[in-house]
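Written out below as structure tokens is the structure these notes cover.
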There are 6 protein chains.
Amino acid sequence: MIFPFTAIVGQEEMKIGLIVNVIDPSIGGLLIMGEKGTAKSTAVRSLAELLPELTVVKGCPFNCDPDGILCTDCKETLKTEEHLHRAKKKMRMVELPLGITEDRLIGTLDIEHALKKGEKRFESGILADANRNFLYVDEVNLLEDHIVDLLLDSAAMGINSVEREGVSFTHPAKFILVGTMNPEEGDLRPQLIDRFGLCVQVASIADKEMRMEILRRKALFDAVPENFIMSWLDEQKILAEKIIDAQSAINNIAVPDTVLEKIVTVTAPLNLDGHRADIVIMKASRALAAFRGQDSITAENIREAARLALPHRMKRLPFETTDSEKEKLASLLQEIMP
Amino acid sequence: MIFPFTAIVGQEEMKIGLIVNVIDPSIGGLLIMGEKGTAKSTAVRSLAELLPELTVVKGCPFNCDPDGILCTDCKETLKTEEHLHRAKKKMRMVELPLGITEDRLIGTLDIEHALKKGEKRFESGILADANRNFLYVDEVNLLEDHIVDLLLDSAAMGINSVEREGVSFTHPAKFILVGTMNPEEGDLRPQLIDRFGLCVQVASIADKEMRMEILRRKALFDAVPENFIMSWLDEQKILAEKIIDAQSAINNIAVPDTVLEKIVTVTAPLNLDGHRADIVIMKASRALAAFRGQDSITAENIREAARLALPHRMKRLPFETTDSEKEKLASLLQEIMP
Amino acid sequence: MIFPFTAIVGQEEMKIGLIVNVIDPSIGGLLIMGEKGTAKSTAVRSLAELLPELTVVKGCPFNCDPDGILCTDCKETLKTEEHLHRAKKKMRMVELPLGITEDRLIGTLDIEHALKKGEKRFESGILADANRNFLYVDEVNLLEDHIVDLLLDSAAMGINSVEREGVSFTHPAKFILVGTMNPEEGDLRPQLIDRFGLCVQVASIADKEMRMEILRRKALFDAVPENFIMSWLDEQKILAEKIIDAQSAINNIAVPDTVLEKIVTVTAPLNLDGHRADIVIMKASRALAAFRGQDSITAENIREAARLALPHRMKRLPFETTDSEKEKLASLLQEIMP
Amino acid sequence: MIFPFTAIVGQEEMKIGLIVNVIDPSIGGLLIMGEKGTAKSTAVRSLAELLPELTVVKGCPFNCDPDGILCTDCKETLKTEEHLHRAKKKMRMVELPLGITEDRLIGTLDIEHALKKGEKRFESGILADANRNFLYVDEVNLLEDHIVDLLLDSAAMGINSVEREGVSFTHPAKFILVGTMNPEEGDLRPQLIDRFGLCVQVASIADKEMRMEILRRKALFDAVPENFIMSWLDEQKILAEKIIDAQSAINNIAVPDTVLEKIVTVTAPLNLDGHRADIVIMKASRALAAFRGQDSITAENIREAARLALPHRMKRLPFETTDSEKEKLASLLQEIMP
Amino acid sequence: MIFPFTAIVGQEEMKIGLIVNVIDPSIGGLLIMGEKGTAKSTAVRSLAELLPELTVVKGCPFNCDPDGILCTDCKETLKTEEHLHRAKKKMRMVELPLGITEDRLIGTLDIEHALKKGEKRFESGILADANRNFLYVDEVNLLEDHIVDLLLDSAAMGINSVEREGVSFTHPAKFILVGTMNPEEGDLRPQLIDRFGLCVQVASIADKEMRMEILRRKALFDAVPENFIMSWLDEQKILAEKIIDAQSAINNIAVPDTVLEKIVTVTAPLNLDGHRADIVIMKASRALAAFRGQDSITAENIREAARLALPHRMKRLPFETTDSEKEKLASLLQEIMP
Amino acid sequence: MIFPFTAIVGQEEMKIGLIVNVIDPSIGGLLIMGEKGTAKSTAVRSLAELLPELTVVKGCPFNCDPDGILCTDCKETLKTEEHLHRAKKKMRMVELPLGITEDRLIGTLDIEHALKKGEKRFESGILADANRNFLYVDEVNLLEDHIVDLLLDSAAMGINSVEREGVSFTHPAKFILVGTMNPEEGDLRPQLIDRFGLCVQVASIADKEMRMEILRRKALFDAVPENFIMSWLDEQKILAEKIIDAQSAINNIAVPDTVLEKIVTVTAPLNLDGHRADIVIMKASRALAAFRGQDSITAENIREAARLALPHRMKRLPFETTDSEKEKLASLLQEIMP
């Protein structure tokens with residue numbers, strides 16, 4: 001029984017950060033920074049719960065989309081059979097355990113099968129489970145660097161290719177990467193932090209009435225979960241539909257030069273490394289426009305996207321941006337408003 | 001032969017901390033801080049001894065409750081058989097050894113079985129033993145972080161799901177987590193300390209008469225344990241019944257807005273991370289009310305619950321709360337009294 | 001050929017520390033602090049030599065006492081046979097190697113047997129060898145903490161329970177733990193030092209005549225060991241009988257409130273952690289009374305016991321007790337004298 | 001679908017650095033220093049895409065050139081068969097994972113095969129995949145030294161020889177090594193940095209119009225990749241032909257003493273270690289002359305080659321060359337102009 | 001071909017230190033401190049060469065003395081056969097490699113044999129090879145502490161007992177331990193240094209004529225080793241006989257109280273740990289007396305023995321004994337002269 | 001195709017250092033210190049190329065000399081066959097990889113063979129390949145100490161003896177050890193540096209004309225290697241003959257006392273450790289005399305030998321010899337000139 005996404009009190013920035021990634025997964029994931037005890041994993045889990053079932057190749061451990069890129073095995077099947085059988089599967093949040101090994105992450109050879117049957121077979125890893133799902137990495141700053149590297153490479157390519165002892169295996173590995181990180185416990189290398197598309201900061205809510213509402217909902221949910229979930233069903237359906245509509249709408253929203261100019265007007269003076277920020281702002285502003293039901297991108301969309309895409313790229317420690325830099329960003333954002 | 005729980009001299013805070021967790025295990029365990037040689041493990045072991053036998057599925061290594069959530073194997077059994085056979089089993093304290101591996105904690109594949117029989121089988125871990133029992137972790141601050149993580153995740157979910165090489169296994173893992181920690185020997189990360197529901201401090205007893213009483217009881221117990229246990233039988237039965245009654249009473253105790261307001265009045269000004277403290281105080285005050293035989297929650301219950309739930313969340317080092325903070329808490333607690 | 005215990009020159013405190021542990025093993029072992037080259041292991045080995053043979057279950061690798069708590073295998077045997085066969089076995093000193101693994105200490109599964117015979121079998125560890133013997137740990141401060149933990153846990157429970165891959169095995173593990181430690185080479189954690197019942201300090205002997213006597217006896221022993229041992233046979237027999245008598249006498253020596261009061265009068269003002277010191281003094285003073293042939297405990301016995309039980313619990317570094325603390329202890333001990 | 005090499009905006013120095021290595025692979029690879037998010041791996045991948053297919057021995061895992069040096073297996077084949085079968089294979093970028101082991105890099109024995117078939121067989125490693133391809137090492141400064149050593153040795157020899165337990169295997173391992181490195185994250189040992197033939201520095205582009213062009217092309221490519229690629233086809237073909245022509249032209253371009261004198265006039269006063277810089281400048285200036293369609297080497301070619309070959313050899317930290325050193329280089333380069 | 005012991009130029013203290021250990025191996029070995037390139041291992045190897053062949057049990061890997069303590073296997077043989085077959089074996093220097101494991105040092109189970117034959121068998125270690133030989137440990141200070149511990153324990157007991165997975169094996173392990181150590185490269189723990197019976201310091205020879213003699217002998221030896229060895233044969237035989245005579249003579253040399261008094265007169269004021277120094281001086285002075293052909297111990301023998309036995313026990317760093325301490329020792333040694 | 005030794009420009013000291021080691025391999029190898037990119041490994045490889053083929057036992061993996069010391073297997077063969085079959089083999093440079101294990105260096109048991117065939121067999125290591133060849137260790141200061149130890153021990157003994165699980169194997173391991181080392185990257189322990197016979201320093205060449213000559217020869221060699229090699233054939237033959245002649249001549253060159261006196265006159269005042277330097281100078285001066293075609297050793301030979309043998313033994317860091325020490329050496333060398 002999972003607490004409904006729409007019943008989560010507050011934390012609007014985190015929620016919109018997750019939603020735009022669902023609308024356009026090429027945005028590149030979300031890094032959530034901040035305090036413990038702020039329902040981070042609950043939010044991800046419950047957003048997955050709310051989304052419609054995926055259509056997958058029946059029995060495929062990689063959740064292959066029968067109409068998309070296929071894994072090595074599904075391709076093999078198509079050589080001898082006319083079409084792939086389909087099944088429905090709930091989307092879910094896959095968790096990456098701390099201390100995970102490379103083999104367990106990307107998959108490896110099935111040694112046991114090899115020893116017994118004398119044939120090499122691919123043993124799928126966490127990236128296989130994660131395909132078309134959320135991949136949640138709690139305290140991503142405590143992972144070893146080479147694991148984060150592998151993770152971000154797969155996220156960037158959308159493909160996981162493994163070659164071990166002469167056996168090659170390739171499967172789609174498109175997932176929405178959600179990392180959390182407590183900046184008091186050590187940093188991610190700037191190289192890595194830059195590769196998360198968006199970043200939000202969360203904190204506990206100070207407002208007394210909201211705190212009471214959190215307790216009230218928690219008490220109701222704990223008492224009879226079924227009833228609580230039922231009472232939020234309508235809100236859940238409305239949000240689900242908005243997201244699904246936006247997913248198909250983004251392809252019809254143009255990105256005219258006026259929008260591009262606004263984007264580089266903000267980013268060019270900021271001394272950022274590389275061009276990833278520009279691209280993410282472009283994509284996130286389009287996803288926001290689609291989610292708001294607009295048919296073109298507004299300066300306000302760009303501004304909202306920039307707030308999600310820039311802070312962690314401006315300084316080593318995103319929340320230590322000096323005041324002058326904050327002001328610079330603020331005035332730059334102001335500038336692009338009509 | 002175990003020393004009777006009711007014969008333990010003093011240490012009232014530790015004893016009530018354990019008892020409210022037994023009444024409502026969703027409170028999230030107890031962290032015991034302080035000196036060596038203060039009967040911490042004896043208290044847990046003897047409280048387990050005092051509680052009534054559990055009803056379990058006969059032969060199930062996970063102590064599945066035949067009327068609750070079932071493990072993968074028990075679910076399988078129900079597909080072919082009409083009902084599950086029942087058995088009685090004593091509740092017990094499971095100890096987590098220092099230096100435990102992840103595989104040993106959450107379970108893994110039974111390699112030997114796989115090699116010999118050619119089929120993969122789940123090998124249960126400590127979390128399986130711990131289901132519906134106490135899980136005692138001595139010097140939890142000396143465990144490796146990722147082990148504590150796994151432990152607290154399972155405690156939070158009540159479920160242990162393991163997937164290894166294509167074999168999935170799920171079993172209930174509801175246990176009362178009791179950790180001990182000597183703050184002089186290094187800390188837990190705040191992330192982890194926050195996830196223990198309650199926290200108490202223990203110290204040796206200075207009162208001479210009480211010290212003599214401890215020796216007297218120890219000498220009597222060591223001489224003829226059977227006789228000593230017999231002489232405390234009545235007290236043990238009375239406490240057991242109080243606990244059992246409270247377990248069913250909590251569902252009937254309401255948590256009105258007046259109570260919620262008192263809780264957030266205390267916590268909101270305290271600069272705590274997240275909302276876990278609020279929830280724990282709500283649950284612990286209800287359990288205390290039930291244990292005292294009340295039918296509604298009083299300000300005194302909230303105050304007692306807050307004293308168990310707040311200190312370790314107010315500062316990095318719980319016992320280094322500055323005086324001003326202590327006073328702040330004291331005056332906040334005063335405020336909610338009628 | 002072992003040098004006779006009674007022929008060891010000097011080191012009276014170490015000798016009495018070992019003897020009271022033999023009389024009442026629940027006292028909890030002896031920690032010997034101090035210089036190299038002071039016959040520590042010789043003393044333990046030769047005390048084992050002097051004591052009478054144990055009655056054990058024939059063929060049992062755990063030295064089960066046929067009239068005491070039995071190991072899992074002996075219990076199994078009793079189900080099919082009328083009684084257990086008995087044998088005699090010399091008591092001995094088992095040495096714990098530095099760098100020992102957990103598996104080797106507590107035992108583990110016999111992998112080889114499992115692979116070949118297809119049945120799981122318990123492979124006993126050092127704790128099995130140690131049952132009813134001395135367990136000698138040279139430089140206990142150089143052991144890894146979790147090994148010392150396991151050691152002290154077993155010593156405290158008198159039982160070693162191992163569960164590996166579904167196989168449970170339990171056997172008695174009552175041993176007299178003797179640890180040595182050179183405080184110049186690093187400390188034990190206070191947590192661990194506290195769990196040794198008694199502690200003595202040894203040093204080389206300055207007196208010239210005693211030094212010559214040591215050389216004389218060493219030269220005689222090295223020349224013809226058989227003759228030297230023969231010449232000390234009477235003294236050995238006398239001591240052995242005194243110890244055996246004391247072992248049965250302790251059950252008949254009462255511990256009246258006057259004794260308890262004297263104990264807590266000493267310990268309560270000392271700012272000790274927990275109550276272990278009180279219990280150890282109670283037991284050691286009774287053992288001393290029995291060894292001296294008394295039928296009740298005197299203030300002198302308590303004083304002697306306190307000197308063995310308190311120093312290592314008063315400060316982190318036992319021999320760094322400040323003068324004021326030593327004086328405090330001295331005056332407290334004075335106080336209890338009649 | 002890979003973004004076309006010719007559609008990459010800016011980064012001319014990186015592009016020419018890659019191209020001259022393709023024209024004369026004995027130049028020894030390229031080290032790319034600088035910021036994240038600057039399309040480094042895209043550039044390499046897309047240059048490989050643009051180049052013509054290789055002619056390889058059919059089925060050979062080492063991509064042996066049927067007219068070049070052969071691997072041990074291909075040599076064996078030639079003993080029994082008249083000629084080697086040929087196949088075409090796309091050139092590609094092989095990526096070296098961080099944390100790679102020596103065995104995985106250079107290949108090792110196929111243990112499984114050995115155990116099952118009783119014959120030793122060579123299991124090829126990454127160097128086998130890399131033969132005649134690009135080998136891309138992201139963040140080469142984070143690799144372990146002995147791995148970088150192996151890598152550079154193979155790159156220098158063009159051959160990989162492995163001997164394990166009596167089995168020798170040799171295969172050609174000619175690849176274009178491209179390493180990236182962020183100098184803020186720690187250095188390569190000077191020993192290693194010196195062995196990269198050329199070095200370029202990359203940074204993000206400040207020019208607004210160019211930034212917009214990057215976004216425009218990215219949006220077009222993401223929308224319908226096929227169309228975008230089609231629209232750049234002509235430019236791709238032109239570049240491919242220029243490179244192929246240059247590859248055969250270099251053998252006909254002489255290196256007269258006047259050229260050599262200019263080279264040593266620049267390098268001799270610079271206090272460089274060894275003579276590798278001289279050789280690299282000689283080769284790179286010839287490759288540049290060939291790429292520009294010239295039939296002899298000009299002072300400008302030497303100047304351009306020196307700018308790619310010298311900076312990382314002048315100081316420990318290539319970009320910390322003091323101003324005086326930069327001026328020295330500039331005036332030296334000036335000196336050789338006609 | 002080994003350079004003859006008697007042809008070694010200078011280094012008299014090292015040579016006598018080795019010889020007295022051969023005469024009475026219970027002295028406990030020799031620690032050689034000092035410079036590289038001073039023929040340390042040559043000296044030991046050539047002394048072994050010079051000594052007469054050992055009588056051993058034929059085929060016994062432990063070199064059991066048929067008239068001494070036997071290994072487990074030899075004892076087994078004696079149960080079924082009337083007597084043990086004898087063989088002659090050259091004494092030799094066994095070298096302990098740096099980085100040795102515990103298993104390789106003390107022996108372990110023969111896993112291969114167990115897997116193939118289904119019976120457990122003991123696989124002997126370096127201590128087996130060393131029995132009745134020299135055990136040479138170059139740079140003993142670079143060994144891991146627990147290996148040095150094992151080494152010194154075996155040296156002290158003269159027995160190596162191994163118990164692995166239920167298999168016990170015991171064999172004699174009497175060897176002359178020779179350790180070398182360069183004090184500039186780190187120390188042995190005082191615990192360990194104390195357990196070497198004697199200690200000498202070596203340095204290169206300054207005298208020109210002696211240096212030339214070293215070169216002369218080296219050149220002659222390298223030219224035709226057989227001739228050089230032949231020319232020293234007489235000196236070798238004389239020394240061998242002196243040592244063999246001394247080995248049997250020591251049992252007839254008394255150690256009267258006057259000798260003991262002299263010994264403790266030297267050692268008692270020196271603030272040494274324990275009594276090992278006294279015992280070593282007693283034994284070494286007797287061995288020296290025997291080697292010199294005397295029939296009683298002189299003050300000069302004691303003085304020589306004290307010089308070999310005391311320096312490394314007086315201070316942490318043997319050669320940092322302050323001048324005042326050296327004077328103290330000198331005047332103490334003076335005192336005992338008649 | 002290997003660049004001819006005689007075509008290497010400059011680096012005369014390194015070249016003569018290699019040559020004298022070939023003439024008398026008992027000199028003990030060469031340590032080359034200094035800059036990267038100075039053709040160190042090319043020089044060794046090409047010197048091996050130039051030398052005549054070795055006569056070896058056909059099929060022997062240890063390159064046994066049929067007229068020299070034989071390996072265990074060759075000795076076995078001689079027991080059943082009349083003589084050993086001979087073959088010719090090119091001398092070569094064996095490279096020691098960084099990160100090599102002890103087993104791979106000295107050889108070990110062939111586990112696979114043991115498991116399959118049930119008999120133990122020796123698996124040869126790098127030392128086997130190196131017998132009668134050059135063993136090249138790049139950056140010897142980055143090797144682990146115990147590996148360098150093993151290496152130098154084998155070099156000193158000329159024999160490699162391995163004993164594993166009851167199997168002994170011995171084979172000749174006479175090789176010319178060449179180590180390189182960049183003193184900026186950390187030192188060798190003085191213990192180890194002392195064991196290299198000779199030491200030279202290399203640097204890049206400043207002379208412009210020589211630099212141009214290097215480029216010229218490199219360009220010619222790279223263009224058509226066969227032609228370049230052909231053009232140097234005569235010079236190569238002349239050098240090869242000089243070396244072969246010198247190898248047999250050294251046995252006929254006497255080392256009279258006048259020579260010895262000159263050697264110790266230089267070394268005695270220098271405060272060196274041990275006597276290895278004296279011996280090396282004696283041997284190297286004889287080899288130089290033979291190489292120069294003289295029939296007796298001159299003061300100039302001694303001076304040249306001393307310059308190769310002394311610098312790395314005079315100070316921890318060979319090139320940090322203070323000026324006063326250099327002067328001392330210079331004046332000492334002057335002194336011995338006639």
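Here, A, B, ... name the chains of the structure tokens in the order displayed, residue numbers run from 1 inside each chain, and ligands are numbered from 1 in the same displayed order.
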
Chain B contacts to chain A at 7 Å (only C-alpha atoms) as a VMD selection string: chain B and resid 146 165 191 260 to 261 264 268 273 to 276 279

Show me, as a ChimeraX atom specification, the residues that have an atom within 12 Å of Leu332 of chain E when counting only C-alpha atoms, minus same-chain residues fewer than 6 positions from it. /E:262-270,299,302-303,306-307,310,325-326

Proximity to Ala246 of chain C - best of C:Ala287, C:Val137, C:Ala128, C:Met181, only C-alpha atoms: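 Nearest to Ala246 of chain C: C:Ala287.
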
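Here atom CA of Cys64 of chain E stands at a distance of 10.1 Å from atom CA of Lys174 of chain E.
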
Members of segment 200-333 of chain F assigned helix (DSSP H, G or I) by DSSP, as a ChimeraX atom specification: /F:208-223,225-231,233-252,257-270,276-291,299-309,311-314,318-320,323-333

Can you tell me which residues surround Ile106 of chain B at a distance of at most 12 Å, considering only C-alpha atoms, apart from same-chain residues fewer than 2 positions away, and format the answer as number ranges by chain? B: 62, 96, 100-104, 108-109, 122-131, 147-155, 159-164, 169-173

Leaving out Pro52 of chain B and any residue of its chain fewer than 3 positions from it, which residues lie within 9 Å of it when counting only C-alpha atoms, given as a list of chain:residue names? B:Ala48, B:Glu49, B:Lys89, B:Lys90, B:Met91, B:Ala240, B:Ile244

How would the residues just picked look written out with all heavy atoms as a PDB file, in the first residue's frame?
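Saved as result20.pdb:
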```pdb
ATOM      1  N   ALA B  48      11.359 -10.237  25.906  1.00  0.00           N
ATOM      2  CA  ALA B  48      10.918 -11.227  24.914  1.00  0.00           C
ATOM      3  C   ALA B  48      10.380 -12.469  25.623  1.00  0.00           C
ATOM      4  O   ALA B  48       9.346 -13.028  25.252  1.00  0.00           O
ATOM      5  CB  ALA B  48      12.075 -11.597  23.991  1.00  0.00           C
ATOM      6  N   GLU B  49      11.108 -12.887  26.677  1.00  0.00           N
ATOM      7  CA  GLU B  49      10.723 -14.077  27.454  1.00  0.00           C
ATOM      8  C   GLU B  49       9.318 -13.932  28.039  1.00  0.00           C
ATOM      9  O   GLU B  49       8.545 -14.884  28.105  1.00  0.00           O
ATOM     10  CB  GLU B  49      11.749 -14.279  28.585  1.00  0.00           C
ATOM     11  CG  GLU B  49      11.467 -15.398  29.547  1.00  0.00           C
ATOM     12  CD  GLU B  49      11.753 -16.760  28.955  1.00  0.00           C
ATOM     13  OE1 GLU B  49      12.423 -16.814  27.897  1.00  0.00           O
ATOM     14  OE2 GLU B  49      11.286 -17.763  29.529  1.00  0.00           O
ATOM     15  N   LYS B  89       5.443 -20.381  18.831  1.00  0.00           N
ATOM     16  CA  LYS B  89       6.893 -20.175  18.922  1.00  0.00           C
ATOM     17  C   LYS B  89       7.158 -19.055  19.920  1.00  0.00           C
ATOM     18  O   LYS B  89       6.463 -18.045  19.906  1.00  0.00           O
ATOM     19  CB  LYS B  89       7.438 -19.760  17.543  1.00  0.00           C
ATOM     20  CG  LYS B  89       8.795 -20.332  17.204  1.00  0.00           C
ATOM     21  CD  LYS B  89       9.114 -20.096  15.752  1.00  0.00           C
ATOM     22  CE  LYS B  89      10.513 -20.534  15.379  1.00  0.00           C
ATOM     23  NZ  LYS B  89      10.758 -20.328  13.946  1.00  0.00           N
ATOM     24  N   LYS B  90       8.128 -19.243  20.769  1.00  0.00           N
ATOM     25  CA  LYS B  90       8.503 -18.227  21.743  1.00  0.00           C
ATOM     26  C   LYS B  90       9.097 -17.027  20.994  1.00  0.00           C
ATOM     27  O   LYS B  90       9.892 -17.186  20.070  1.00  0.00           O
ATOM     28  CB  LYS B  90       9.572 -18.825  22.675  1.00  0.00           C
ATOM     29  CG  LYS B  90       9.746 -18.143  24.018  1.00  0.00           C
ATOM     30  CD  LYS B  90       8.660 -18.451  25.010  1.00  0.00           C
ATOM     31  CE  LYS B  90       8.519 -17.305  26.014  1.00  0.00           C
ATOM     32  NZ  LYS B  90       7.233 -16.619  25.914  1.00  0.00           N
ATOM     33  N   MET B  91       8.749 -15.820  21.436  1.00  0.00           N
ATOM     34  CA  MET B  91       9.400 -14.639  20.896  1.00  0.00           C
ATOM     35  C   MET B  91      10.840 -14.617  21.435  1.00  0.00           C
ATOM     36  O   MET B  91      11.111 -15.127  22.522  1.00  0.00           O
ATOM     37  CB  MET B  91       8.657 -13.398  21.401  1.00  0.00           C
ATOM     38  CG  MET B  91       8.901 -12.160  20.571  1.00  0.00           C
ATOM     39  SD  MET B  91       7.801 -10.795  21.105  1.00  0.00           S
ATOM     40  CE  MET B  91       8.701  -9.415  20.396  1.00  0.00           C
ATOM     41  N   ALA B 240       2.697  -8.640  31.432  1.00  0.00           N
ATOM     42  CA  ALA B 240       2.383  -9.233  30.125  1.00  0.00           C
ATOM     43  C   ALA B 240       0.952  -8.874  29.732  1.00  0.00           C
ATOM     44  O   ALA B 240       0.685  -8.478  28.589  1.00  0.00           O
ATOM     45  CB  ALA B 240       2.571 -10.749  30.173  1.00  0.00           C
ATOM     46  N   ILE B 244      -0.412  -6.762  26.421  1.00  0.00           N
ATOM     47  CA  ILE B 244      -1.332  -7.364  25.436  1.00  0.00           C
ATOM     48  C   ILE B 244      -2.603  -6.514  25.314  1.00  0.00           C
ATOM     49  O   ILE B 244      -3.098  -6.266  24.217  1.00  0.00           O
ATOM     50  CB  ILE B 244      -1.669  -8.807  25.839  1.00  0.00           C
ATOM     51  CG1 ILE B 244      -0.379  -9.654  25.786  1.00  0.00           C
ATOM     52  CG2 ILE B 244      -2.737  -9.414  24.933  1.00  0.00           C
ATOM     53  CD1 ILE B 244      -0.464 -10.950  26.559  1.00  0.00           C
TER      54      ILE B 244
END
```

Which neighbours of Gly293 of chain F fall inside 9 Å, counting only C-alpha atoms, when residues of the same chain fewer than 6 positions from it are skipped, and could you give them as a PyMOL selection string? chain F and resi 242+245-246+249

Residues within 12 Å of Gly197 of chain F, please, as a PyMOL selection string. Count only C-alpha atoms; anything in the same chain fewer than 2 positions from it doesn't count. (chain E and resi 37) or (chain F and resi 17-18+20-21+24-32+152+155-156+176-179+192-195+199-200+275-284+305-313)

What is the atom CA of Arg45 of chain D-atom CA of Asn63 of chain A distance in Å, reported with one decimal?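 If I compute the distance from atom CA of Arg45 of chain D to atom CA of Asn63 of chain A, I get 27.8 Å.
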
Between atom CA of Phe221 of chain E and atom CA of Ser248 of chain F, distance in Å (one decimal):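 Interatomic distance here is 18.4 Å.
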
Of the candidates E:Leu143, E:Ile229, E:Phe175, E:Ser285, which shows the shortest atom-to-atom distance to Met157 of chain E, using only C-alpha atoms?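 Closest to Met157 of chain E, using only C-alpha atoms: E:Phe175.
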
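Within 9 Å of Asp73 of chain B, once only C-alpha atoms are used and residues closer than 2 positions along the same chain are dropped, the contacting residues are Cys60, Leu70, Cys71, Lys75, Glu76, Thr77, Leu78, Phe169, Thr170 and His171 of chain B.
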
Could you save the residues just selected, with N, CA, C and O atoms, as a compact mmCIF listing (two decimals), in the first residue's frame?
```
# COMPACT_ATOMS: atom_id res chain seq x y z
N CYS B 60 7.85 -22.61 8.85
CA CYS B 60 8.28 -21.45 8.04
C CYS B 60 9.48 -20.79 8.71
O CYS B 60 9.39 -20.37 9.86
N LEU B 70 2.43 -12.85 4.04
CA LEU B 70 3.13 -14.13 3.96
C LEU B 70 4.39 -14.02 3.11
O LEU B 70 4.49 -13.17 2.23
N CYS B 71 5.32 -14.92 3.38
CA CYS B 71 6.53 -14.97 2.56
C CYS B 71 6.21 -15.67 1.24
O CYS B 71 5.15 -16.29 1.09
N LYS B 75 3.04 -18.30 0.43
CA LYS B 75 2.06 -18.00 -0.62
C LYS B 75 1.97 -19.16 -1.61
O LYS B 75 0.88 -19.52 -2.06
N GLU B 76 3.13 -19.73 -1.94
CA GLU B 76 3.14 -20.89 -2.82
C GLU B 76 2.33 -22.04 -2.24
O GLU B 76 1.54 -22.68 -2.93
N THR B 77 2.55 -22.29 -0.96
CA THR B 77 1.86 -23.39 -0.28
C THR B 77 0.36 -23.21 -0.40
O THR B 77 -0.39 -24.16 -0.66
N LEU B 78 -0.10 -21.97 -0.20
CA LEU B 78 -1.55 -21.71 -0.22
C LEU B 78 -2.17 -21.98 -1.59
O LEU B 78 -3.39 -22.17 -1.71
N PHE B 169 12.81 -13.16 -3.78
CA PHE B 169 12.17 -13.69 -2.58
C PHE B 169 11.77 -12.52 -1.70
O PHE B 169 12.52 -11.57 -1.53
N THR B 170 10.57 -12.63 -1.16
CA THR B 170 10.08 -11.58 -0.28
C THR B 170 9.56 -12.22 0.99
O THR B 170 8.90 -13.26 0.93
N HIS B 171 9.91 -11.65 2.11
CA HIS B 171 9.31 -12.15 3.35
C HIS B 171 9.10 -10.99 4.30
O HIS B 171 9.81 -9.99 4.24
```
